[in-house]
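Participant: Please find work-v1.txt (compact mmCIF, C-alpha atoms) on the next line:
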# COMPACT_ATOMS: atom_id res chain seq x y z
CA MET A 1 28.29 32.73 -41.29
CA ASN A 2 28.95 35.05 -38.37
CA THR A 3 30.60 34.06 -35.11
CA LEU A 4 27.31 33.77 -33.18
CA SER A 5 25.77 31.43 -35.75
CA ARG A 6 28.85 29.17 -35.70
CA ALA A 7 28.80 29.02 -31.90
CA LEU A 8 25.10 28.11 -31.87
CA THR A 9 25.66 25.44 -34.51
CA ARG A 10 28.30 23.80 -32.30
CA ILE A 11 26.45 24.16 -28.98
CA LEU A 12 22.91 23.24 -30.12
CA PRO A 13 23.59 19.48 -30.59
CA ILE A 14 25.18 19.33 -27.13
CA VAL A 15 22.20 21.12 -25.55
CA ILE A 16 19.79 18.72 -27.30
CA LEU A 17 21.74 15.66 -26.09
CA LEU A 18 21.79 16.99 -22.52
CA PHE A 19 18.05 17.65 -22.67
CA LEU A 20 17.39 14.10 -23.90
CA ALA A 21 19.60 12.58 -21.20
CA VAL A 22 17.85 14.54 -18.44
CA SER A 23 14.41 13.62 -19.86
CA ILE A 24 15.24 9.91 -19.99
CA ALA A 25 16.62 9.96 -16.44
CA ALA A 26 13.52 11.75 -15.15
CA CYS A 27 11.13 9.30 -16.83
CA SER A 28 12.85 6.11 -15.68
CA GLY A 29 11.51 5.34 -12.22
CA ASN A 30 12.15 2.52 -9.77
CA SER A 31 9.51 0.03 -10.90
CA GLY A 32 7.81 -1.72 -7.98
CA ASN A 33 9.09 0.84 -5.49
CA THR A 34 6.46 2.63 -3.40
CA GLN A 35 8.46 5.86 -3.67
CA ASP A 36 7.32 6.48 -7.27
CA ASN A 37 3.73 6.93 -8.42
CA SER A 38 3.13 3.25 -9.20
CA THR A 39 0.16 1.47 -7.74
CA ILE A 40 0.79 -1.87 -6.04
CA GLU A 41 -2.23 -4.11 -6.40
CA PRO A 42 -2.95 -6.59 -3.60
CA THR A 43 -1.93 -10.23 -3.68
CA TRP A 44 -4.11 -12.60 -1.67
CA ILE A 45 -2.16 -14.92 0.65
CA GLN A 46 -3.11 -17.72 3.04
CA ALA A 47 -3.26 -17.18 6.78
CA GLU A 48 -2.63 -20.05 9.18
CA VAL A 49 -4.96 -20.14 12.18
CA THR A 50 -3.98 -22.11 15.27
CA ASP A 51 -6.18 -21.74 18.34
CA ASN A 52 -6.33 -17.95 18.93
CA THR A 53 -3.31 -17.09 16.79
CA VAL A 54 -3.08 -16.12 13.12
CA ALA A 55 0.19 -16.25 11.17
CA ILE A 56 1.09 -14.97 7.72
CA SER A 57 4.39 -15.20 5.89
CA LEU A 58 6.65 -12.18 6.38
CA SER A 59 8.57 -12.99 3.18
CA GLU A 60 5.32 -13.03 1.16
CA VAL A 61 4.35 -9.62 2.55
CA GLU A 62 7.83 -8.25 1.77
CA THR A 63 7.81 -9.72 -1.75
CA ASN A 64 4.26 -8.65 -2.60
CA GLU A 65 4.55 -5.27 -0.85
CA MET A 66 0.72 -5.36 -0.54
CA SER A 67 -0.93 -8.57 0.69
CA HIS A 68 -4.49 -9.38 1.71
CA PHE A 69 -5.71 -12.33 3.75
CA THR A 70 -9.03 -13.62 5.05
CA LEU A 71 -9.97 -14.79 8.54
CA ASN A 72 -13.01 -17.08 8.69
CA THR A 73 -15.05 -16.44 11.82
CA SER A 74 -18.46 -17.49 13.13
CA SER A 75 -19.69 -14.08 11.89
CA GLY A 76 -18.34 -14.67 8.38
CA GLU A 77 -15.22 -13.75 6.45
CA MET A 78 -13.13 -10.80 7.60
CA ASP A 79 -10.41 -9.42 5.35
CA PHE A 80 -7.14 -7.81 6.33
CA MET A 81 -4.16 -6.26 4.59
CA ALA A 82 -0.46 -6.41 5.36
CA TYR A 83 2.02 -4.22 3.54
CA GLU A 84 5.53 -2.82 3.56
CA LEU A 85 6.08 0.92 3.60
CA SER A 86 9.44 2.61 4.15
CA GLY A 87 10.87 -0.55 5.72
CA GLU A 88 8.02 -1.02 8.19
CA THR A 89 5.26 -3.64 8.14
CA TYR A 90 1.64 -2.64 8.70
CA VAL A 91 -1.41 -4.87 9.28
CA ARG A 92 -4.90 -3.35 9.04
CA ALA A 93 -8.53 -4.31 8.57
CA SER A 94 -9.41 -4.39 4.87
CA ILE A 95 -13.01 -3.26 4.72
CA CYS A 96 -14.67 -0.08 3.43
CA PRO A 97 -18.16 -0.27 5.03
CA PRO A 98 -20.08 2.33 2.97
CA CYS A 99 -19.04 0.92 -0.44
CA TYR A 100 -18.59 -2.73 0.69
CA SER A 101 -15.05 -2.97 -0.70
CA ARG A 102 -12.70 -5.60 0.69
CA SER A 103 -9.60 -4.66 -1.28
CA PHE A 104 -7.10 -1.81 -1.30
CA ALA A 105 -4.07 -0.93 -3.41
CA LEU A 106 -0.92 0.75 -2.12
CA LYS A 107 0.08 3.94 -3.95
CA VAL A 108 3.12 5.83 -2.68
CA ALA A 109 2.20 6.31 1.02
CA THR A 110 -1.55 5.86 0.64
CA LEU A 111 -4.12 3.08 0.57
CA VAL A 112 -6.64 3.42 -2.26
CA CYS A 113 -10.00 1.63 -2.07
CA ASP A 114 -10.39 -0.60 -5.14
CA THR A 115 -14.15 0.12 -5.29
CA CYS A 116 -14.75 3.81 -4.49
CA GLY A 117 -11.22 5.24 -4.79
CA THR A 118 -11.21 6.71 -1.27
CA VAL A 119 -7.64 7.47 -0.18
CA PHE A 120 -6.26 6.67 3.28
CA ASP A 121 -2.90 7.46 4.88
CA ALA A 122 -0.95 4.17 4.80
CA GLU A 123 0.96 4.95 8.02
CA THR A 124 -2.00 5.99 10.19
CA GLY A 125 -4.99 4.46 8.40
CA SER A 126 -6.79 7.84 8.53
CA GLY A 127 -8.95 8.99 5.64
CA ILE A 128 -7.57 11.66 3.30
CA SER A 129 -10.20 12.07 0.59
CA GLY A 130 -13.18 10.32 -0.97
CA ALA A 131 -16.66 9.08 -0.15
CA CYS A 132 -15.64 6.68 2.64
CA VAL A 133 -13.06 8.96 4.29
CA ASN A 134 -14.77 8.69 7.71
CA TYR A 135 -13.95 4.96 7.99
CA PRO A 136 -10.21 4.79 8.79
CA LYS A 137 -8.45 1.45 8.61
CA ALA A 138 -7.69 0.23 12.13
CA SER A 139 -4.26 -1.20 12.89
CA VAL A 140 -3.64 -4.74 14.15
CA PRO A 141 -0.85 -5.32 16.70
CA TYR A 142 1.53 -8.10 15.71
CA GLU A 143 4.85 -9.77 16.49
CA ILE A 144 7.43 -11.04 14.04
CA THR A 145 8.73 -14.49 14.86
CA GLY A 146 11.14 -15.97 12.33
CA ASN A 147 9.44 -15.65 8.93
CA SER A 148 5.95 -15.16 10.39
CA ILE A 149 3.81 -12.19 11.31
CA ILE A 150 1.86 -13.38 14.35
CA MET A 151 -1.44 -11.79 15.38
CA GLY A 152 -4.10 -12.62 17.96
CA VAL A 153 -7.58 -13.44 16.70
CA ASP A 154 -9.08 -11.03 19.25
CA ASP A 155 -6.80 -8.21 18.00
CA LEU A 156 -7.87 -8.89 14.41
CA LEU A 157 -11.56 -8.88 15.38
CA THR A 158 -11.13 -5.64 17.32
CA ALA A 159 -9.43 -3.88 14.39
CA TYR A 160 -12.08 -5.14 11.98
CA ASN A 161 -14.97 -4.01 14.20
CA ASP A 162 -13.27 -0.64 14.84
CA THR A 163 -13.07 -0.12 11.05
CA LEU A 164 -16.82 -0.73 10.71
CA GLU A 165 -17.48 2.41 12.77
CA PRO A 166 -16.71 6.01 11.70
CA GLY A 167 -13.55 7.51 13.26
CA LEU A 168 -10.67 5.79 15.01
CA PRO A 169 -11.27 4.40 18.51
In structure tokens, write the structure found in this file.

Facilitator:
Amino acid sequence: MNTLSRALTRILPIVILLFLAVSIAACSGNSGNTQDNSTIEPTWIQAEVTDNTVAISLSEVETNEMSHFTLNTSSGEMDFMAYELSGETYVRASICPPCYSRSFALKVATLVCDTCGTVFDAETGSGISGACVNYPKASVPYEITGNSIIMGVDDLLTAYNDTLEPGLP
């Protein structure tokens, strides 16, 4: 065996082991983390309504990463989503008027309609691609008090009604 063949015989197993180690490291993601390509399906939670105030649990939103809740009004049920993204909490209307969806998943930094697959920017609510792209998800102002996310009923209604119309207000 010549010198080159002996060198390759010694180096080849090391190269194969390095390749395997790099492949395993690349394939093992952070499960449940919105920074990988995983999709976080919504978990429905209860909202507490007192007079003109709505409260949801901050710890449930943080644990679930993507939560949905319903507000019962004289006009019917209105759905909303609350989610964590890059350490910030967002609350938005959860309705896709053209396809009648009431549920969205969180994938990386986007919201994906569970019915039509339209993709929205999770930070701004603006449409990115898909059939319902012209119906951005309006944001709801909120305050955090203790372990609660506190919202006004009027603010929730405004965000919901703004989402029913094309374009952001």

Participant: Please determine, counting only C-alpha atoms, which residue among A:Val112, A:Leu156, A:Leu168, A:Ile149 has the shortest atom-to-atom distance to A:Ser59.

Facilitator: A:Ile149

Participant: Can you tell me, as a count of residues only, what residues are no more than 9 Å from stretch 131-143 of chain A when counting only C-alpha atoms, ignoring any on the same chain fewer than 6 positions away?

Facilitator: 38

Participant: Fewer than 4 positions away in the same chain doesn't count, so skip those; otherwise give me all residues within 6 Å of A:Glu84, counting all atoms listed in the file, as a list in words.

Facilitator: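 After dropping sequence-adjacent residues, the list is Glu65, Glu88 and Thr89 of chain A.
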
Participant: Atom CA of A:Ile40 and atom CA of A:Leu106, how far apart in Å?

Facilitator: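 So the answer is 5.0 Å.
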
Participant: Go through A:Ser148, A:Phe104, A:Thr70, A:Met78 and flag the residue nearest A:Pro42, using only C-alpha atoms for the distances.

Facilitator: A:Phe104

Participant: Check the smallest atom-to-atom distance from each of A:Thr115, A:Asp51, A:Thr110, A:Arg102 to A:Glu77 using all atoms listed in the file, then report the winner.

Facilitator: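 Nearest to A:Glu77: A:Arg102.
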
Participant: Could you rebuild stretch 47-64 of chain A with N, CA and C atoms and give me the result as an mmCIF file, in the frame of the given file?

Facilitator:
data_model
loop_
_atom_site.group_PDB
_atom_site.id
_atom_site.type_symbol
_atom_site.label_atom_id
_atom_site.label_comp_id
_atom_site.auth_asym_id
_atom_site.auth_seq_id
_atom_site.Cartn_x
_atom_site.Cartn_y
_atom_site.Cartn_z
ATOM 1 N N ALA A 47 -3.575 -17.341 5.358
ATOM 2 C CA ALA A 47 -3.260 -17.180 6.780
ATOM 3 C C ALA A 47 -3.413 -18.538 7.449
ATOM 4 N N GLU A 48 -2.537 -18.811 8.391
ATOM 5 C CA GLU A 48 -2.630 -20.050 9.180
ATOM 6 C C GLU A 48 -3.215 -19.696 10.541
ATOM 7 N N VAL A 49 -4.294 -20.382 10.899
ATOM 8 C CA VAL A 49 -4.960 -20.140 12.180
ATOM 9 C C VAL A 49 -4.737 -21.339 13.076
ATOM 10 N N THR A 50 -4.194 -21.071 14.257
ATOM 11 C CA THR A 50 -3.980 -22.110 15.270
ATOM 12 C C THR A 50 -4.487 -21.562 16.594
ATOM 13 N N ASP A 51 -5.535 -22.192 17.101
ATOM 14 C CA ASP A 51 -6.180 -21.740 18.340
ATOM 15 C C ASP A 51 -6.571 -20.266 18.187
ATOM 16 N N ASN A 52 -6.001 -19.375 18.988
ATOM 17 C CA ASN A 52 -6.330 -17.950 18.930
ATOM 18 C C ASN A 52 -5.232 -17.121 18.283
ATOM 19 N N THR A 53 -4.438 -17.762 17.436
ATOM 20 C CA THR A 53 -3.310 -17.090 16.790
ATOM 21 C C THR A 53 -3.421 -17.214 15.272
ATOM 22 N N VAL A 54 -3.089 -16.139 14.589
ATOM 23 C CA VAL A 54 -3.080 -16.120 13.120
ATOM 24 C C VAL A 54 -1.668 -15.763 12.682
ATOM 25 N N ALA A 55 -1.151 -16.508 11.697
ATOM 26 C CA ALA A 55 0.190 -16.250 11.170
ATOM 27 C C ALA A 55 0.132 -16.103 9.666
ATOM 28 N N ILE A 56 0.885 -15.124 9.156
ATOM 29 C CA ILE A 56 1.090 -14.970 7.720
ATOM 30 C C ILE A 56 2.583 -14.892 7.459
ATOM 31 N N SER A 57 2.974 -15.175 6.250
ATOM 32 C CA SER A 57 4.390 -15.200 5.890
ATOM 33 C C SER A 57 4.951 -13.792 5.721
ATOM 34 N N LEU A 58 5.974 -13.473 6.491
ATOM 35 C CA LEU A 58 6.650 -12.180 6.380
ATOM 36 C C LEU A 58 7.284 -12.033 5.000
ATOM 37 N N SER A 59 7.904 -13.094 4.492
ATOM 38 C CA SER A 59 8.570 -12.990 3.180
ATOM 39 C C SER A 59 7.555 -12.739 2.063
ATOM 40 N N GLU A 60 6.339 -13.309 2.167
ATOM 41 C CA GLU A 60 5.320 -13.030 1.160
ATOM 42 C C GLU A 60 4.893 -11.557 1.209
ATOM 43 N N VAL A 61 4.729 -11.024 2.401
ATOM 44 C CA VAL A 61 4.350 -9.620 2.550
ATOM 45 C C VAL A 61 5.453 -8.725 1.977
ATOM 46 N N GLU A 62 6.715 -9.044 2.286
ATOM 47 C CA GLU A 62 7.830 -8.250 1.770
ATOM 48 C C GLU A 62 7.918 -8.340 0.247
ATOM 49 N N THR A 63 7.734 -9.527 -0.304
ATOM 50 C CA THR A 63 7.810 -9.720 -1.750
ATOM 51 C C THR A 63 6.664 -9.031 -2.474
ATOM 52 N N ASN A 64 5.450 -9.220 -1.964
ATOM 53 C CA ASN A 64 4.260 -8.650 -2.600
ATOM 54 C C ASN A 64 4.138 -7.150 -2.394
#
